[in-house]
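Trainee: You'll find upload-v2.txt just under this line, and it carries compact mmCIF, C-alpha atoms.
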```txt
# COMPACT_ATOMS: atom_id res chain seq x y z
CA MET A 30 17.49 -13.10 6.56
CA LYS A 31 17.03 -16.77 5.72
CA PRO A 32 15.29 -17.25 2.38
CA SER A 33 12.77 -19.82 3.60
CA ILE A 34 9.13 -18.83 3.33
CA SER A 35 8.22 -20.59 6.55
CA TRP A 36 10.76 -18.51 8.48
CA PHE A 37 9.30 -15.36 6.92
CA GLY A 38 5.88 -16.40 8.16
CA VAL A 39 7.16 -16.81 11.70
CA VAL A 40 8.84 -13.40 11.63
CA VAL A 41 5.80 -11.53 10.36
CA ALA A 42 3.44 -13.36 12.69
CA ALA A 43 4.78 -11.55 15.76
CA ALA A 44 2.58 -10.55 18.68
CA ALA A 45 -0.76 -9.00 17.64
CA LEU A 46 -2.23 -5.81 19.03
CA ALA A 47 -5.66 -5.53 20.56
CA VAL A 48 -8.16 -3.70 18.37
CA ALA A 49 -8.83 -0.20 19.65
CA ALA A 50 -12.11 1.64 20.05
CA ALA A 51 -13.88 3.91 17.53
CA PRO A 52 -12.18 7.12 16.30
CA VAL A 53 -12.09 10.10 18.65
CA GLN A 54 -12.78 13.59 17.32
CA ALA A 55 -10.36 16.31 18.38
CA ALA A 56 -11.16 19.99 18.76
CA HIS A 57 -10.75 21.71 15.40
CA ASP A 58 -11.61 25.03 13.84
CA GLU A 59 -13.77 24.07 10.83
CA SER A 60 -13.52 27.64 9.51
CA ALA A 61 -9.74 27.50 9.16
CA GLN A 62 -8.05 27.38 5.76
CA PRO A 63 -7.40 23.88 4.30
CA ALA A 64 -4.07 22.48 5.52
CA ALA A 65 -1.61 19.93 4.21
CA ALA A 66 -2.61 16.61 5.71
CA VAL A 67 -1.65 13.00 6.30
CA PHE A 68 -4.39 10.34 6.32
CA VAL A 69 -4.20 7.07 8.27
CA GLN A 70 -6.74 4.27 8.01
CA THR A 71 -7.64 2.72 11.37
CA ASN A 72 -9.00 -0.49 9.78
CA ASP A 73 -11.03 -1.15 12.94
CA PRO A 74 -13.17 -4.29 12.46
CA GLY A 75 -15.83 -2.61 14.59
CA GLY A 76 -15.99 0.49 12.40
CA ASN A 77 -13.29 1.63 9.98
CA ALA A 78 -12.25 5.28 9.96
CA ILE A 79 -9.70 7.67 8.47
CA ASP A 80 -7.69 9.59 11.06
CA VAL A 81 -6.59 12.98 9.70
CA PHE A 82 -3.44 14.80 10.81
CA ASP A 83 -2.29 18.30 9.93
CA ARG A 84 1.16 18.17 8.34
CA ASN A 85 3.19 21.02 9.81
CA SER A 86 6.03 22.83 8.05
CA ASP A 87 8.62 20.85 10.04
CA GLY A 88 6.96 17.57 9.00
CA THR A 89 5.43 16.86 12.39
CA LEU A 90 1.82 15.72 12.66
CA THR A 91 -1.05 17.12 14.71
CA PHE A 92 -4.17 14.97 15.04
CA VAL A 93 -7.35 16.66 13.81
CA ARG A 94 -10.19 14.12 13.86
CA GLY A 95 -11.41 10.76 12.58
CA TYR A 96 -13.97 10.20 9.82
CA ALA A 97 -16.03 7.00 9.62
CA THR A 98 -15.78 5.16 6.29
CA GLY A 99 -19.23 3.58 6.50
CA GLY A 100 -17.71 0.11 6.64
CA ASN A 101 -15.61 -2.23 8.76
CA GLY A 102 -11.94 -3.10 8.74
CA GLY A 103 -10.57 -6.63 8.74
CA ARG A 104 -7.56 -8.80 9.50
CA GLU A 105 -6.06 -11.56 7.40
CA VAL A 106 -5.48 -14.89 9.12
CA GLY A 107 -2.04 -14.90 10.76
CA ALA A 108 -1.33 -11.23 10.04
CA THR A 109 -0.15 -8.98 12.87
CA SER A 110 1.93 -5.92 12.04
CA ASP A 111 0.02 -5.36 8.78
CA PRO A 112 -3.57 -6.64 9.11
CA LEU A 113 -4.32 -6.56 5.37
CA ALA A 114 -0.80 -7.68 4.34
CA SER A 115 -0.94 -5.40 1.31
CA GLN A 116 0.23 -2.12 -0.19
CA GLY A 117 -2.18 0.54 -1.49
CA SER A 118 -5.22 0.16 0.79
CA LEU A 119 -5.58 3.96 1.20
CA VAL A 120 -4.78 6.16 -1.81
CA ARG A 121 -5.11 9.72 -3.07
CA VAL A 122 -6.27 10.02 -6.68
CA PRO A 123 -3.76 12.29 -8.49
CA GLY A 124 -5.23 15.47 -9.93
CA SER A 125 -8.45 15.22 -7.95
CA ASP A 126 -9.78 15.69 -4.43
CA LEU A 127 -10.60 11.99 -4.01
CA LEU A 128 -9.29 9.68 -1.28
CA LEU A 129 -10.09 5.96 -1.59
CA ALA A 130 -10.20 3.46 1.29
CA VAL A 131 -10.97 -0.27 1.52
CA ASN A 132 -13.39 -1.77 4.04
CA ALA A 133 -12.08 -5.32 4.15
CA GLY A 134 -14.64 -6.51 6.69
CA SER A 135 -17.59 -5.17 4.69
CA ASN A 136 -16.51 -6.01 1.11
CA THR A 137 -16.85 -2.33 0.19
CA ILE A 138 -14.76 0.68 -0.72
CA SER A 139 -15.24 4.27 0.46
CA VAL A 140 -14.77 7.41 -1.63
CA PHE A 141 -13.97 10.63 0.26
CA HIS A 142 -13.66 14.20 -0.99
CA VAL A 143 -10.65 16.00 0.47
CA ALA A 144 -10.47 19.70 1.37
CA GLY A 145 -7.14 20.18 3.13
CA ASP A 146 -7.50 18.34 6.43
CA ARG A 147 -11.26 17.80 6.09
CA LEU A 148 -13.06 14.82 4.55
CA VAL A 149 -16.57 14.31 3.20
CA LEU A 150 -17.76 10.76 2.56
CA GLY A 151 -19.18 10.69 -0.97
CA GLN A 152 -19.75 6.99 -1.76
CA VAL A 153 -19.64 3.52 -0.26
CA LEU A 154 -19.51 0.99 -3.11
CA PRO A 155 -19.28 -2.81 -3.36
CA SER A 156 -15.83 -4.16 -4.16
CA PHE A 157 -17.44 -7.05 -6.11
CA GLY A 158 -15.40 -9.63 -4.23
CA PRO A 159 -14.48 -10.64 -0.68
CA PHE A 160 -12.00 -8.75 1.49
CA PRO A 161 -10.72 -5.75 -0.53
CA VAL A 162 -7.11 -4.79 0.27
CA GLY A 163 -5.80 -2.35 -2.33
CA PHE A 164 -6.24 -0.05 -5.31
CA ALA A 165 -4.60 0.60 -8.68
CA LEU A 166 -4.95 3.99 -10.39
CA HIS A 167 -4.37 5.19 -13.96
CA GLY A 168 -6.07 8.21 -15.49
CA ASP A 169 -9.79 7.79 -14.91
CA LEU A 170 -9.47 4.06 -14.15
CA VAL A 171 -9.53 2.55 -10.66
CA TYR A 172 -9.17 -1.16 -9.92
CA VAL A 173 -9.70 -2.76 -6.53
CA LEU A 174 -7.99 -5.95 -5.39
CA ASP A 175 -10.04 -8.43 -3.36
CA ALA A 176 -7.84 -10.86 -1.42
CA GLY A 177 -10.42 -13.32 -0.12
CA GLY A 178 -11.25 -16.68 -1.64
CA GLN A 179 -9.92 -17.00 -5.19
CA GLY A 180 -8.81 -13.36 -5.26
CA PHE A 181 -10.40 -10.88 -7.67
CA ILE A 182 -9.89 -7.57 -9.46
CA SER A 183 -12.77 -5.23 -10.41
CA GLY A 184 -12.79 -1.89 -12.23
CA TYR A 185 -14.37 1.56 -11.92
CA ARG A 186 -14.22 4.78 -13.91
CA ILE A 187 -13.98 8.22 -12.33
CA ALA A 188 -16.56 10.59 -13.80
CA GLY A 189 -18.39 13.51 -12.27
CA ASP A 190 -16.10 13.33 -9.21
CA ALA A 191 -17.42 9.84 -8.39
CA LEU A 192 -16.56 6.21 -9.08
CA HIS A 193 -18.76 4.20 -11.47
CA PRO A 194 -18.38 0.39 -11.69
CA ILE A 195 -17.29 -0.99 -15.07
CA GLN A 196 -19.65 -3.80 -16.02
CA ASN A 197 -18.05 -7.19 -16.74
CA SER A 198 -14.66 -6.09 -15.41
CA THR A 199 -14.29 -8.58 -12.53
CA ARG A 200 -11.61 -11.26 -13.02
CA THR A 201 -10.38 -14.05 -10.77
CA LEU A 202 -6.83 -14.85 -9.71
CA LEU A 203 -7.64 -18.51 -8.89
CA LEU A 204 -5.66 -18.45 -5.62
CA GLY A 205 -7.86 -20.91 -3.71
CA ASN A 206 -7.59 -19.07 -0.38
CA THR A 207 -10.10 -18.58 2.44
CA THR A 208 -12.14 -15.55 3.53
CA PRO A 209 -10.61 -13.84 5.44
CA PRO A 210 -7.53 -15.05 3.57
CA PHE A 211 -4.36 -16.52 5.02
CA PHE A 212 -1.93 -13.59 4.82
CA LEU A 213 1.02 -15.36 3.14
CA ALA A 214 -1.15 -16.83 0.38
CA SER A 215 -3.12 -13.66 -0.34
CA PRO A 216 -2.29 -11.13 -3.09
CA ALA A 217 -0.19 -8.16 -1.97
CA GLN A 218 -0.65 -5.36 -4.49
CA VAL A 219 -2.44 -4.37 -7.67
CA GLY A 220 -1.01 -1.66 -9.92
CA PHE A 221 -0.97 -0.32 -13.48
CA THR A 222 2.10 -0.08 -15.66
CA PRO A 223 2.95 3.56 -16.53
CA SER A 224 1.23 3.25 -19.93
CA GLY A 225 -1.91 1.77 -18.38
CA SER A 226 -1.80 -1.14 -20.83
CA GLN A 227 -1.14 -3.79 -18.16
CA LEU A 228 -2.52 -4.36 -14.66
CA LEU A 229 -0.17 -6.28 -12.35
CA VAL A 230 -0.95 -8.32 -9.21
CA THR A 231 1.66 -9.83 -6.88
CA THR A 232 0.61 -13.11 -5.21
CA LYS A 233 3.13 -13.66 -2.37
CA THR A 234 3.69 -17.40 -1.75
CA HIS A 235 2.03 -18.31 -5.05
CA ASN A 236 5.23 -16.69 -6.35
CA THR A 237 3.81 -15.03 -9.45
CA VAL A 238 3.35 -11.58 -10.89
CA ASP A 239 0.05 -11.74 -12.77
CA ALA A 240 -0.39 -9.37 -15.72
CA PHE A 241 -3.80 -8.53 -17.20
CA ALA A 242 -3.94 -6.69 -20.53
CA ILE A 243 -6.26 -3.66 -20.30
CA GLY A 244 -8.41 -2.91 -23.32
CA ALA A 245 -9.57 0.45 -24.66
CA ASP A 246 -12.86 -0.12 -22.80
CA GLY A 247 -10.97 -0.38 -19.49
CA ARG A 248 -11.70 -4.09 -19.12
CA PRO A 249 -8.99 -6.69 -18.40
CA SER A 250 -8.12 -9.74 -20.46
CA ALA A 251 -10.07 -12.87 -19.52
CA ALA A 252 -7.04 -14.35 -17.74
CA PRO A 253 -3.64 -12.99 -16.71
CA VAL A 254 -0.18 -13.94 -17.84
CA LYS A 255 1.28 -15.62 -14.75
CA ASN A 256 4.97 -14.74 -14.46
CA PRO A 257 6.99 -16.97 -12.09
CA ALA A 258 8.67 -14.80 -9.44
CA ALA A 259 10.06 -16.91 -6.60
CA GLY A 260 10.80 -15.24 -3.25
CA VAL A 261 7.35 -13.96 -2.22
CA PRO A 262 6.79 -10.93 -4.49
CA PHE A 263 5.09 -8.22 -2.45
CA ALA A 264 5.07 -4.47 -3.17
CA PHE A 265 6.21 -2.65 -6.29
CA VAL A 266 6.65 0.77 -7.89
CA PHE A 267 7.90 1.95 -11.29
CA ASP A 268 11.06 4.00 -11.80
CA SER A 269 11.44 7.03 -14.06
CA SER A 270 12.33 4.74 -16.97
CA GLY A 271 9.13 2.73 -16.58
CA GLN A 272 10.83 -0.34 -15.14
CA LEU A 273 9.15 -2.45 -12.46
CA VAL A 274 10.90 -2.19 -9.08
CA LEU A 275 9.75 -5.20 -7.06
CA ASN A 276 10.20 -6.20 -3.42
CA PHE A 277 10.65 -9.86 -2.45
CA ALA A 278 9.70 -10.54 1.16
CA ALA A 279 11.27 -13.96 1.68
CA THR A 280 14.70 -12.87 0.48
CA SER A 281 14.33 -9.26 1.69
CA SER A 282 15.53 -8.03 -1.69
CA LEU A 283 14.79 -5.56 -4.47
CA GLU A 284 14.92 -6.33 -8.21
CA THR A 285 14.00 -4.53 -11.43
CA PHE A 286 12.13 -5.89 -14.45
CA THR A 287 10.90 -4.82 -17.87
CA VAL A 288 7.18 -5.42 -18.37
CA ASN A 289 6.78 -6.50 -21.99
CA SER A 290 3.79 -5.76 -24.23
CA ASP A 291 2.66 -9.39 -24.05
CA GLY A 292 2.47 -9.29 -20.23
CA THR A 293 5.68 -11.20 -19.59
CA ILE A 294 8.37 -9.68 -17.37
CA THR A 295 12.12 -9.78 -17.99
CA PRO A 296 14.72 -9.27 -15.22
CA VAL A 297 16.89 -6.19 -15.63
CA SER A 298 19.01 -6.19 -12.47
CA ALA A 299 20.19 -8.91 -10.19
CA PRO A 300 18.28 -9.01 -6.88
CA VAL A 301 19.94 -7.02 -4.10
CA THR A 302 19.20 -7.94 -0.49
CA ASP A 303 19.22 -5.49 2.40
CA GLY A 304 20.16 -8.26 4.86
CA GLN A 305 17.07 -7.56 6.94
CA ALA A 306 13.83 -9.57 7.43
CA ALA A 307 10.51 -9.44 5.59
CA ALA A 308 10.98 -6.48 3.24
CA CYS A 309 7.42 -5.86 2.12
CA TRP A 310 6.57 -2.16 1.46
CA ILE A 311 8.27 0.37 -0.77
CA THR A 312 8.01 4.15 -1.20
CA PRO A 313 9.99 6.26 -3.69
CA ALA A 314 11.11 9.65 -2.41
CA ARG A 315 13.67 12.18 -3.65
CA GLY A 316 15.43 9.72 -5.96
CA TYR A 317 15.57 6.81 -3.51
CA ASP A 318 13.39 3.81 -2.68
CA TYR A 319 12.67 3.24 1.01
CA VAL A 320 11.76 -0.33 1.99
CA SER A 321 10.02 -1.29 5.24
CA ASN A 322 11.33 -4.49 6.85
CA THR A 323 8.59 -5.52 9.26
CA GLY A 324 10.51 -8.54 10.57
CA THR A 325 13.46 -6.46 11.79
CA ASN A 326 11.58 -3.22 12.57
CA ASP A 327 13.58 -0.99 10.23
CA VAL A 328 13.73 0.81 6.88
CA SER A 329 16.36 0.29 4.17
CA GLN A 330 17.39 2.79 1.51
CA PHE A 331 17.97 1.76 -2.11
CA ARG A 332 18.72 3.57 -5.34
CA VAL A 333 17.90 2.39 -8.86
CA THR A 334 20.26 3.70 -11.54
CA SER A 335 19.18 4.78 -15.03
CA ASP A 336 20.05 1.35 -16.44
CA GLY A 337 17.93 -0.43 -13.81
CA THR A 338 20.76 -1.52 -11.53
CA VAL A 339 19.71 -1.78 -7.88
CA VAL A 340 22.10 -0.27 -5.34
CA LEU A 341 21.77 -0.72 -1.58
CA VAL A 342 22.57 2.68 -0.07
CA ASN A 343 21.88 2.02 3.61
CA PRO A 344 20.43 -1.22 5.04
CA LEU A 345 19.54 0.58 8.28
CA ALA A 346 18.35 4.01 7.18
CA ALA A 347 15.88 4.02 10.10
CA THR A 348 15.64 1.60 13.00
CA ASN A 349 13.52 0.69 16.04
CA ILE A 350 10.14 0.99 14.29
CA PRO A 351 8.03 -1.81 15.82
CA GLY A 352 6.48 -3.71 12.92
CA ALA A 353 7.41 -1.17 10.21
CA THR A 354 4.83 -1.38 7.41
CA ASP A 355 3.28 1.10 4.95
CA SER A 356 4.87 4.46 4.29
CA SER A 357 4.15 7.64 2.37
CA HIS A 358 6.14 10.66 1.22
CA GLY A 359 5.31 14.35 1.45
CA GLY A 360 7.79 17.12 0.70
CA ASP A 361 11.05 16.48 2.54
CA PHE A 362 9.48 13.94 4.89
CA LEU A 363 8.85 10.19 5.03
CA TYR A 364 5.98 8.83 7.13
CA VAL A 365 6.27 5.19 8.22
CA GLN A 366 3.54 3.23 9.98
CA SER A 367 4.43 1.19 13.04
CA GLY A 368 1.98 -1.68 12.99
CA LEU A 369 2.91 -2.87 16.46
CA SER A 370 2.73 0.46 18.29
CA SER A 371 -0.29 2.23 16.74
CA SER A 372 1.85 5.13 15.57
CA VAL A 373 3.46 6.89 12.63
CA TYR A 374 7.20 7.57 12.64
CA VAL A 375 8.11 10.86 10.96
CA PHE A 376 11.52 11.29 9.28
CA SER A 377 13.09 14.25 7.52
CA ILE A 378 14.92 13.33 4.31
CA GLY A 379 18.33 14.97 4.20
CA ALA A 380 21.29 15.09 1.86
CA GLY A 381 21.92 11.75 0.18
CA GLY A 382 18.50 10.56 1.30
CA THR A 383 19.49 10.17 4.94
CA LEU A 384 16.60 9.84 7.38
CA THR A 385 16.39 11.73 10.67
CA GLN A 386 13.55 10.98 13.06
CA VAL A 387 11.56 14.06 14.06
CA GLN A 388 8.44 12.60 15.70
CA ILE A 389 6.50 9.53 16.74
CA ALA A 390 2.82 10.41 16.27
CA SER A 391 0.24 8.29 18.06
CA VAL A 392 -2.72 7.14 15.94
CA PRO A 393 -5.98 7.21 17.94
CA ASP A 394 -7.69 3.81 17.67
CA GLY A 395 -4.85 2.63 15.47
CA GLY A 396 -4.40 -0.86 16.91
CA SER A 397 -5.36 -2.36 13.55
CA GLN A 398 -4.17 0.51 11.36
CA GLU A 399 -3.59 -0.19 7.69
CA GLY A 400 -2.73 2.34 4.99
CA ILE A 401 -1.29 5.85 4.99
CA ALA A 402 -1.56 8.59 2.36
CA VAL A 403 -0.30 12.16 1.97
```
Taking this structure as input, can you express it in the form of structure tokens?
Mentor:
Amino acid sequence: MKPSISWFGVVVAAAALAVAAAPVQAAHDESAQPAAAVFVQTNDPGGNAIDVFDRNSDGTLTFVRGYATGGNGGREVGATSDPLASQGSLVRVPGSDLLLAVNAGSNTISVFHVAGDRLVLGQVLPSFGPFPVGFALHGDLVYVLDAGGQGFISGYRIAGDALHPIQNSTRTLLLGNTTPPFFLASPAQVGFTPSGSQLLVTTKTHNTVDAFAIGADGRPSAAPVKNPAAGVPFAFVFDSSGQLVLNFAATSSLETFTVNSDGTITPVSAPVTDGQAAACWITPARGYDYVSNTGTNDVSQFRVTSDGTVVLVNPLAATNIPGATDSSHGGDFLYVQSGLSSSVYVFSIGAGGTLTQVQIASVPDGGSQEGIAV
């Protein structure tokens, strides 16, 4: 792909889908035993919901029903395949039964309790900023990223199986955007370092990785360290060595960094491109990193070695996924959202991390879908 940001904007701003109607409930035996499930956020501006699918032993999905979040979805200006242009808008809290969802159009977040393939809405809380798009989790801490206006982060603690806002934890990113924000100039992801000592935010065309120091009280430093990171930094994960594995959308490349104790980041590997367009989302699974390229409708497969070197394994591990966006991993299966066809593509992960398509599951009312969790 060409490295120009303007070209990236044209690619991602492909034809938009019409917003679908409210979630439809399917017949379901409420007395059945809890099942493994996959959760998809409809992000409907007229009424957000979580569509729940049973995850069968062969990886295929069976729709169960939709659950209203108590808020509305939203769409960033210019965004099409991924309305919130972010990673982490729907997340499971490890070690608990909590599922968290953003309501971008209502400036709220929803907290669900999960029992297999059933959900109970426990809380609808303010996000303390405009247009929430993602979460960061570490221990009992949760931070939400608001993408509208200047961009903000705000914190909560998990206690008593509920979220409790942390007073005086809201900080600004000073991005100078609009509400709803323009998708290329909005932040893409918020996430903790493995130690929980730093909270990172990627800022896309502002070309920085912002790092807030997190104190013992769970509150961030007054201002972040702004690390220059040209190439439209988007989604990130951490490898088993604690190194930052970061996607760059404009160059469709992956690079690793060390996050230092002072909030600065130091490159470890050289960036490696997959030769595709608009690499934005990343999911680790079975020793590999799978990157969704929404501009070329495909998924690339990378591997990060123990010394942080990035290796491109297969630039076209999966193809023909219209507007490939968020993905999630469960067992031997990878679930990839198709933002331009209101569906989830299901792949089995074979020897060497090869992907084999096993299903295309339609998402009811998924014309604006955003976020998937297993």
Trainee: Just want the 12 Å neighbourhood of Asp246 in chain A, counted on only C-alpha atoms, with same-chain residues fewer than 4 positions away dropped. Output as a PyMOL selection string.
Mentor: chain A and resi 169-170+184-186+195-198+225-226+242+250
Trainee: For Cys309 in chain A, which residue out of A:Thr287, A:Gln152, A:Ser335, A:Thr354 is the nearest one, using all atoms listed in the file?
Mentor: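 Nearest candidate to Cys309 in chain A out of A:Thr287, A:Gln152, A:Ser335, A:Thr354: A:Thr354.
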Trainee: Taking only residues of range 122-229 of chain A that have an atom at most 12 Å from an atom of range 101-116 of chain A, what is each one's shortest atom pair and its distance in Å to one decimal, using all atoms listed in the file, in chain and number order, as CSV?
Mentor:
```
residue,atom,partner,partner_atom,distance
A:Ala130,CA,A:Gly102,CA,10.1
A:Val131,CA,A:Gly102,CA,7.8
A:Asn132,CA,A:Gly102,CA,5.1
A:Ala133,CA,A:Gly103,CA,5.0
A:Gly134,CA,A:Gly103,CA,4.6
A:Ser135,CA,A:Asn101,CA,5.4
A:Asn136,CA,A:Asn101,CA,8.6
A:Thr137,CA,A:Asn101,CA,8.7
A:Ile138,CA,A:Asn101,CA,10.0
A:Ser139,CA,A:Asn101,CA,10.5
A:Val153,CA,A:Asn101,CA,11.4
A:Pro159,CA,A:Gly103,CA,11.0
A:Phe160,CA,A:Gly103,CA,7.7
A:Pro161,CA,A:Leu113,CA,8.7
A:Val162,CA,A:Leu113,CA,6.1
A:Gly163,CA,A:Gln116,CA,6.4
A:Phe164,CA,A:Gln116,CA,8.5
A:Ala165,CA,A:Gln116,CA,10.1
A:Val173,CA,A:Gln116,CA,11.8
A:Leu174,CA,A:Ser115,CA,9.7
A:Asp175,CA,A:Leu113,CA,10.6
A:Ala176,CA,A:Leu113,CA,8.8
A:Gly177,CA,A:Glu105,CA,8.9
A:Gly178,CA,A:Glu105,CA,11.6
A:Asn206,CA,A:Val106,CA,10.6
A:Thr207,CA,A:Val106,CA,8.9
A:Thr208,CA,A:Glu105,CA,8.2
A:Pro209,CA,A:Glu105,CA,5.5
A:Pro210,CA,A:Glu105,CA,5.4
A:Phe211,CA,A:Val106,CA,4.6
A:Phe212,CA,A:Glu105,CA,5.3
A:Leu213,CA,A:Ala114,CA,8.0
A:Ala214,CA,A:Val106,CA,9.9
A:Ser215,CA,A:Ala114,CA,7.9
A:Pro216,CA,A:Ser115,CA,7.3
A:Ala217,CA,A:Ser115,CA,4.4
A:Gln218,CA,A:Gln116,CA,5.5
A:Val219,CA,A:Gln116,CA,8.3
A:Gly220,CA,A:Gln116,CA,9.8
```
Trainee: What is the distance between CA of His235 in chain A and CA of Ser298 in chain A, in Å to one decimal?
Mentor: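 According to the coordinates, CA of His235 in chain A and CA of Ser298 in chain A are separated by 22.1 Å.
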Trainee: From the set A:Phe82, A:Tyr172, A:Phe267, A:Tyr317, which residue has the shortest atom-to-atom contact distance to Ser224 in chain A, counting all atoms listed in the file?
Mentor: A:Phe267
Trainee: At a cut-off of 9 Å, using all atoms listed in the file, what residues contact Val274 in chain A? Leave out same-chain residues fewer than 2 positions from it and give the result as a PyMOL selection string.
Mentor: chain A and resi 264-268+272+276+283-286+333+337+339
Trainee: Find the distance between CA of Thr199 in chain A and CA of Ala245 in chain A and write it in Å to one decimal.
Mentor: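 Separating CA of Thr199 in chain A from CA of Ala245 in chain A is a distance of 15.8 Å.
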Trainee: How many Å lie between CA of Thr98 in chain A and CA of Val320 in chain A, rounded to one decimal?
Mentor: 28.4 Å
Trainee: So, with only C-alpha atoms as the atoms that count, which of A:Pro296, A:Pro313, A:Gly124, A:Pro344 lies closest to Ser357 in chain A?
Mentor: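 Ranked by minimum distance to Ser357 in chain A, first place goes to A:Pro313.
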Trainee: Out of A:Leu228, A:Val69, A:Val171, A:Asp291, which residue has the shortest atom-to-atom distance to Ser367 in chain A when counting all atoms listed in the file?
Mentor: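 Closest to Ser367 in chain A of all the choices is A:Val69.
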Trainee: Which one is closest to Tyr364 in chain A: A:Thr302, A:Gly379, A:Gly189, A:Ile401? Count only C-alpha atoms.
Mentor: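 Result for the nearest residue to Tyr364 in chain A: A:Ile401.
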Trainee: Find the residues around Thr323 in chain A up to 7 Å (only C-alpha atoms counted), leave out those fewer than 4 positions away in its own chain, and share them as a VMD selection string.
Mentor: chain A and resid 41 306 to 308 327 352 to 354
Trainee: Just C-alpha atoms for this one: save the residues we selected as a short mmCIF file (atom, residue, chain, number, x, y, z; two decimals), in the coordinates of the input.
Mentor:
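File out17.cif, as written:
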```
data_model
loop_
_atom_site.label_atom_id
_atom_site.label_comp_id
_atom_site.auth_asym_id
_atom_site.auth_seq_id
_atom_site.Cartn_x
_atom_site.Cartn_y
_atom_site.Cartn_z
CA VAL A 41 5.80 -11.53 10.36
CA ALA A 306 13.83 -9.57 7.43
CA ALA A 307 10.51 -9.44 5.59
CA ALA A 308 10.98 -6.48 3.24
CA ASP A 327 13.58 -0.99 10.23
CA GLY A 352 6.48 -3.71 12.92
CA ALA A 353 7.41 -1.17 10.21
CA THR A 354 4.83 -1.38 7.41
#
```
Trainee: Let me make sure I understand: among A:Asp87, A:Asp394, A:Asp146, A:Asp355, which one has the smallest atom-to-atom distance to Ser118 in chain A if we use all atoms listed in the file?
Mentor: A:Asp355
Trainee: At a cut-off of 8 Å around the point (-3.0, -9.2, -15.0) (file coordinates), what residues fall inside when counting all atoms listed in the file? I'd like the answer as a PyMOL selection string.
Mentor: chain A and resi 227-230+238-242+249-250+252-255+292
Trainee: Around range 373-391 of chain A, with edges along x, y and z and 4 Å added on all six sides, what centre and edge lengths do you get, in Å to one decimal, as JSON?
Mentor:
```
{"center_x": 11.1, "center_y": 11.0, "center_z": 9.1, "size_x": 29.7, "size_y": 16.2, "size_z": 25.9}
```
